[in-house]
Every structure is written in C-alpha cells, then in structure tokens.
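See structure below.
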Amino acid sequence: MHLNFSVWLTRWPYLLQGAAISLEIVVIVLLLSTPLAMIAALGLGATNRAILYPMMAISWILRGIPPLVILFVAYFVVPQFGISLTPLVAAIAGFTAYNTLVVAELIVAGFRSVDPGQHAAIAALGLPPFRAYRRVLLPQALPSIIPPYISYSTDMVKGTALAGSIGVLELVTRANQVILATNRPFEILLGIAALYGIVDAGLMGLQAAAERLWAPHARR
Amino acid sequence: MKATLWVTRYDARPCREDIASRTGMTMIELAALSEHGAHESAVVNVAPLLRIKKLVKRYGPKTVLHGVDLDIPAGRVVALIGASGSGKSTLLRCVNYLEVPEPGSEIWLDGELIGQDARSTPPRLLQGAALRRQRSQIGMVFQHFNLFPNLTALENITEAPLAHRRATKAEARMQAQALLDQVGLHDKAASYPSQLSGGQQQRVAIARALAMKPRLMLFDEVTSALDPELVDEVLKVMLQLAQDGMTMVVVTHEMAFAAEVADRVVYMDQGRIIEDGPPGSILRNPRHPRTQAFLKRMLRTG
Ligand SMILES: Nc1ncnc2c1ncn2[C@@H]1O[C@H](COP(=O)(O)OP(=O)(O)OP(=O)(O)O)[C@@H](O)[C@H]1O
Ligand SMILES: [Mg+2]
C-alpha cells in the first residue's frame with residue numbers, strides 16, 4: 001500500500017477545525033461539570049435523606065444510561081419542552097450532565113477514602129467545616145480524586161465523537177466526510193489518531209504532574 | 001509585642017493545696033500563678049470541673065451506657081479501666097459530644113452544659129460554632145493519634161488556635177514550638193507525621209490537643225497502638241501534665257501508670273461504673289468480683 005498524506009495539504013483547516021470543536025466541547029464540559037460535580041458531591045455525601053436519595057437516583061440514572069442516549073435526550077427531547085438547542089449546545093449540555101455525576105461520585109469516593117479518625121480529630125479540635133475541608137480533608141482526598149478524574153477526562157476526549165450523531169461537526173465526523181470525499185482512509189485516520197494522541201499525552205502529562213505534586217502529602 | 005505567655009499551669013481552682021503538695025510549690029507561688037486567670041472566689045466553689053450526670057447512650061436497641069454518673073474535681077487524674085466493650089471510649093466520646101448521648105444525659109464542664117443549650121426546655125442540641133467552641137476546651141488524644149498527615153508537626157499544633165482565631169500566626173507558631181519543647185520534640189517542628197515514630201506522633205497529638213489550652217484532657221488508650229519501647233516516652237509526658245495540674249480522664253490498660261499517676265481509678269463493666277476509688281484500694285483490693293477477674297487478667301497479660 002502506498003501512503004500519500006497530501007490529502008492533508010488541502011483538508012487540514014477543515015479537520016483542525018473539527019479538532020478545535022472537539023477540544024472546545026471537552027474544555028467547556030470540564031469547566032462546567034467540575035464545579036457542578038462539587039455541588040452534586042455535597043448532595044451525594046449529605047446525611048439528609050431528602051437530599052441524598054434524589055441525588056442518588058439522578059446519579060444512578062445519568063451514569064446508568066449510555067451517554068449517547070443522554071445526547072439524544074438533550075437534542076431531540078428537550079426541544080419538545082420549548083427549549084431548542086443547537087447540536088453543539090445540546091452536546092455540551094448532555095456531556096456536562098453525564099460528567100457532573102461521574103466526577104461527583106469520584107469526589108465522594110475520594111473523601112470517603114479519608115481515614116474516619118481525621119473526622120474525629122477535626123471534631124474534637126472544633127475546626128470549622130470549611131477550614132477543615134481546605135486544610136485537612138481536601139488535600140488528603142485529592143490524591144485519590146485526581147488520577148481517575150484525568151482518566152475520565154481522557155475518556156471524554158474520545159467520547160466527543162458521539163456528538164457527531166446529533167449533528168455536531170466534530171473531528172471524527174469531519175474525518176468521515178473527508179474519507180468519503182478523498183477515499184484516503186488510512187492517511188486521514190492516522191492523522192486523526194495523532195491528534196487524539198497529542199491531546200491525551202497532554203492530559204497524561206498533567207496527571208503525572210498532579211501526582212508528583214501531591215505525593216509527599218499522600219504518604220502516611 | 002503582646003505577651004503571649006505560655007502558662008503550663010492549668011486551671012486547677014478548687015484544690016490548690018492538692019497541687020501544692022503534688023508539685024512541691026509553695027502556696028505563694030501558686031497564688032502568683034493563679035493571677036493569670038484563676039479566680040479567688042472559685043477556691044470556695046467546690047463544684048467539680050467535669051460532672052457527668054445520668055449519661056445514657058444507645059446504639060440502636062443496644063444500651064452501651066446505663067446512666068453513668070461521674071464527678072471529677074479540677075486538677076484530678078481519673079484512670080478509666082474496664083474490659084473491651086464496656087463503654088470506656090463511648091463515655092469519653094460523649095463528654096465532648098463526638099457521640100450524642102440520649103436526651104436527659106448531662107455533661108457539665110465547669111458549670112457549663114456541654115452539647116446542649118441549657119436555656120431551652122427541653123435542651124436543644126448545640127451545633128455549629130457554639131459546639132465547636134465547647135469542644136475546643138476539651139482536649140482529646142486518640143489511640144491512633146489521628147494527626148493530619150498532610151501537615152507538619154508544627155502545623156498540626158497551630159491549626160486549631162488559628163482556626164479559632166486565638167492567636168496570630170506568629171503567636172501560634174511560638175506557642176506550638178513551646179509545646180513541642182514541652183513534649184520533648186523541639187527539633188521535629190518541620191517533620192510530617194509519616195517521618196515520626198509512633199511515640200513521637202502521639203506526643204505531637206498531645207501537644208496539638210494542648211494548643212487550645214483545654215481545661216480537661218481525655219486520653220483514649222493512647223499507648224495501645226505503640227511498640228512497647230515507645231510507651232514510656234508518652235506516659236512521661238502525661239505524668240508531667242498531671243503534675244502540672246491538668247484535669248485528665250485516662251482510659252488505659254497500663255495499670256502501673258494508673259497506680260502511679262491517677263488520683264482515682266474507675267472500673268466500668270457493661271456500661272456501668274461498678275467500682276470507683278483511690279488506685280491503691282481498687283487495684284490492690286478490688287471488691288467487686290468482676291473487677292477482681294479483670295485485674296487478674298490484666299496482670300497475666302500486661
Ligand atoms: N458506632 C457504634 N455503633 C454501634 N455500636 C457501637 C458503636 N461504637 C461502640 N459500639 C458498641 O458499644 C460498646 C462499647 O464500646 P466502646 O468502644 O465504648 O468500648 P471500650 O470500653 O472502649 O472497649 P475497648 O477496650 O475495646 O476500646 C461495644 O459493645 C461496642 O460494640
Ligand atoms: Mg475503646
């Protein structure tokens with residue numbers, strides 16, 4: 001087989017635009033879902049059952065159904081209630097809903113992994129909750145939250161391809177179009193793989209840095 | 001600079017003679033010290049520093065404490081002994097409301113009702129800042145230290161005074177360093193708990209509890225998790241604390257320590273105090289058959 005990457009000479013702006021849209025989805029979804037996840041985590045960690053049980057139900061539903069179905073709901077069902085969303089906005093909303101609960105569960109698990117003795121010490125010293133979280137609990141929970149957080153974020157980079165199914169012209173959808181137009185699948189797909197690889201490598205670098213940063217504290 | 005003197009003498013009002021005889025200080029020296037905060041009027045006030053009344057605690061259907069009454073005058077050291085599961089830890093944890101006792105139970109610290117609002121009938125449970133303030137007056141030391149692993153020894157000690165705005169950063173650090181000196185760890189300020197031995201960690205934990213200048217210290221089997229050769233360094237710190245007049249409730253399996261340091265030994269069995277008296281009589285001539293059996297077991301194993 002003879003590889004000819006010259007297709008990229010004319011098609012690269014179109015494909016890179018697709019990559020930019022994918023990246024845009026990831027970045028916006030992370031920016032939205034991370035703070036939302038912190039709030040949702042409060043609900044999932046609540047002792048008040050009137051808050052806890054509904055949150056658990058929401059979490060169970062959103063994490064239980066395929067993300068593709070959530071996108072369909074955002075794009076096809078939500079407009080039935082008079083709110084019509086562009087494909088891009090629907091995709092961002094759908095991914096955000098899913099990711100919020102995924103990350104919230106990570107946060108809850110991270111805080112649960114902190115030794116109960118820490119809570120006893122905090123209570124006995126009378127440390128106020130906000131300060132206790134900032135100074136004691138969060139620094140101990142982060143080492144177990146950050147690695148899976150980044151790993152989920154990496155998954156989401158790949159997951160953005162799903163947005164194509166509700167009409168977002170993201171990277172994979174555009175690649176598919178270009179392949180059909182040029183009949184050069186290998187060259188296009190190798191290039192696409194390289195683009196994903198670059199983004200993933202960036203995230204993994206971030207993960208390694210984060211682990212180094214918190215490692216000294218994680219020791220017991 | 002504002003004088004932030006670190007007084008290692010604790011509020012030991014009603015029994016100055018007692019302290020004098022224990023520490024070998026003269027009454028005049030003690031009177032001078034008491035000017036740093038103790039009230040003369042309190043000398044005639046014989047109310048105990050800690051008063052536990054009708055303390056009942058249940059877990060589900062199981063009653064763990066059956067209406068315990070216990071009075072401890074200021075400056076006294078009470079050793080709390082008893083078999084595993086007899087409710088010693090639960091008792092300590094009820095004193096600072098880490099566990100909430102059943103309604104009707106009362107914990108009084110120096111005339112203040114702990115964990116409940118005395119003004120409302122029936123008393124409402126205290127929460128938030130009011131409860132945190134009360135807890136900060138009661139130091140607690142745990143079997144497994146429970147130091148904050150992400151903070152240095154010094155930061156562990158300064159955390160509570162800073163959180164309660166008791167001191168500026170500089171004052172808190174100075175006081176923490178003084179406390180580290182007091183527990184024999186003057187060179188460990190910058191060490192993380194993971195870099196310290198168990199005995200050193202426990203001494204940091206004691207210093208951390210002392211940083212709020214508590215009026216009462218609770219110790220829950222603080223040497224049980226230590227290698228035998230590290231036990232003494234911790235007991236020494238506690239002995240010094242007792243000699244300085246701190247009021248202490250010490251749950252312990254160290255009978256020798258109880259005999260030497262405690263003014264009183266309290267024996268608990270199945271959620272009740274069944275024997276209470278001077279160490280000499282309880283440890284040597286226990287009256288209750290269960291106490292006798294317990295002490296026999298302790299002597300065999302410990
Ligand atoms: N959170 C809890 N939930 C249910 N039961 C509990 C709880 N904490 C303690 N208990 C029960 O209460 C009883 C008293 O426990 P506690 O820990 O106070 O005993 P202890 O005298 O401190 O024993 P040990 O010497 O083993 O520390 C035990 O039967 C224990 O099983
Ligand atoms: Mg116990």
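Every chain in the structure tokens has a letter given in the order shown (A, B, ...), and although residue numbers restart at 1 in each chain, ligands are simply numbered from 1 in the order shown.
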
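Near ligand 2, at a distance of at most 10 Å and with only C-alpha atoms and all ligand atoms counted, sit the residues Ile81, Gly82, Ala83, Ser84, Gly85, Ser86, Gly87, Lys88, Ser89, Thr90, Leu91, Leu92, Arg93, Phe142, Gln143, Asp220, Glu221, Val251 and Thr252 of chain B.
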
Using N, CA and C atoms, can you export the residues from the last selection as a short mmCIF file (atom, residue, chain, number, x, y, z; two decimals), in the first residue's frame?
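So the final result, stored in out05.cif, reads:
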data_model
loop_
_atom_site.label_atom_id
_atom_site.label_comp_id
_atom_site.auth_asym_id
_atom_site.auth_seq_id
_atom_site.Cartn_x
_atom_site.Cartn_y
_atom_site.Cartn_z
N ILE B 81 -10.82 2.22 83.66
CA ILE B 81 -10.43 0.89 83.20
C ILE B 81 -11.67 0.03 83.04
N GLY B 82 -11.50 -1.08 82.35
CA GLY B 82 -12.62 -1.97 82.11
C GLY B 82 -12.37 -2.83 80.89
N ALA B 83 -13.12 -3.92 80.81
CA ALA B 83 -12.93 -4.86 79.72
C ALA B 83 -13.29 -4.23 78.38
N SER B 84 -12.84 -4.85 77.32
CA SER B 84 -13.18 -4.38 75.97
C SER B 84 -14.69 -4.39 75.78
N GLY B 85 -15.21 -3.30 75.25
CA GLY B 85 -16.65 -3.23 75.01
C GLY B 85 -17.44 -2.74 76.21
N SER B 86 -16.77 -2.37 77.29
CA SER B 86 -17.51 -1.95 78.48
C SER B 86 -18.02 -0.51 78.36
N GLY B 87 -17.57 0.22 77.34
CA GLY B 87 -18.12 1.55 77.09
C GLY B 87 -17.19 2.69 77.44
N LYS B 88 -15.91 2.40 77.64
CA LYS B 88 -14.96 3.45 78.03
C LYS B 88 -14.82 4.52 76.94
N SER B 89 -14.59 4.06 75.71
CA SER B 89 -14.43 5.03 74.62
C SER B 89 -15.71 5.81 74.40
N THR B 90 -16.83 5.11 74.46
CA THR B 90 -18.11 5.78 74.26
C THR B 90 -18.30 6.87 75.31
N LEU B 91 -17.93 6.57 76.55
CA LEU B 91 -18.05 7.57 77.61
C LEU B 91 -17.23 8.82 77.28
N LEU B 92 -15.95 8.61 76.88
CA LEU B 92 -15.11 9.75 76.55
C LEU B 92 -15.71 10.53 75.39
N ARG B 93 -16.19 9.81 74.37
CA ARG B 93 -16.70 10.49 73.17
C ARG B 93 -18.01 11.22 73.44
N PHE B 142 -6.16 10.33 70.83
CA PHE B 142 -6.73 9.07 70.35
C PHE B 142 -5.69 7.96 70.33
N GLN B 143 -6.21 6.75 70.30
CA GLN B 143 -5.32 5.58 70.23
C GLN B 143 -4.43 5.64 68.98
N ASP B 220 -7.70 8.30 75.21
CA ASP B 220 -8.31 7.00 74.96
C ASP B 220 -7.28 5.98 74.50
N GLU B 221 -6.79 5.21 75.44
CA GLU B 221 -5.80 4.16 75.15
C GLU B 221 -4.68 4.67 74.26
N VAL B 251 -8.31 6.64 79.76
CA VAL B 251 -8.66 5.24 79.53
C VAL B 251 -7.37 4.50 79.26
N THR B 252 -7.07 3.49 80.03
CA THR B 252 -5.77 2.86 79.88
C THR B 252 -5.78 1.41 80.31
#

Might you pull out every residue within 12 Å of region 25-28 of chain A, with only C-alpha atoms counted and same-chain residues fewer than 3 positions away left off, and present them as a PyMOL selection string?
chain A and resi 18-22+31-35+87-96+99+150+152-164+168-171+199-200+203

Once DSSP has gone over the backbone, tell me which residues of region 75-146 of chain A are in helix (DSSP H, G or I), as a VMD selection string.
chain A and resid 75 to 81 87 to 112 116 to 125 129 to 146

Kindly determine which residues of chain B lie within 8 Å of chain A, considering only C-alpha atoms, and give the answer as JSON, numbers by chain.
{"B": [96, 98, 128, 129, 131, 132, 133, 134, 135, 136, 138, 139, 140, 144, 146, 147, 148, 149, 150, 151, 160, 163, 164, 193, 194, 209]}

Quick one: distance from CA of Pro67 (chain A) to CA of Glu105 (chain A) in Å, one decimal?
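According to the coordinates, CA of Pro67 (chain A) and CA of Glu105 (chain A) are separated by 16.3 Å.
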
Atom pair CA of Ala225 (chain B) + atom 17 (O, counted along the ligand's line) of ligand 1, distance 15.1 Å

Using DSSP assignments from the backbone, pull out every residue in region 12-225 of chain B that falls under strand (DSSP E or B) and give it to me as number ranges by chain.
B: 50-59, 62-72, 77-82, 106-109, 112-113, 116-117, 124-125, 138-141, 216-220

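Of note, CA of Ser165 (chain A) and CA of Val69 (chain A) are spaced 10.4 Å apart.
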
Which neighbours of Phe5 (chain A) fall inside 10 Å, counting only C-alpha atoms, when residues of the same chain fewer than 5 positions from it are skipped, and could you give them as a list of chain:residue names?
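Here the qualifying residues turn out to be A:Arg184, A:Phe186, A:Glu187, A:Ile188, A:Leu190, A:Gly191.
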
Which neighbours of region 144-149 of chain A fall inside 9 Å, counting only C-alpha atoms, when residues of the same chain fewer than 5 positions from it are skipped, and could you give them as an MDAnalysis selection string?
chainID A and resid 102:103 106:111 113 154 207:208 210:211

List the neighbours of Ser281 (chain B) out to 10 Å using only C-alpha atoms; skip same-chain residues closer than 4 positions along the sequence, and give me the result as JSON, numbers by chain.
{"B": [259, 264, 265, 276, 277, 285, 286, 287]}

Of the residues B:Gly184, B:Pro73, B:Gly271, B:Pro279, which is the one nearest to ligand 1, using only C-alpha atoms and all ligand atoms?
B:Gly271

A:Thr10, A:Ser59, A:Gln17, A:Gln177 ranked by distance to Leu44 (chain A), top pick (using only C-alpha atoms):
A:Ser59
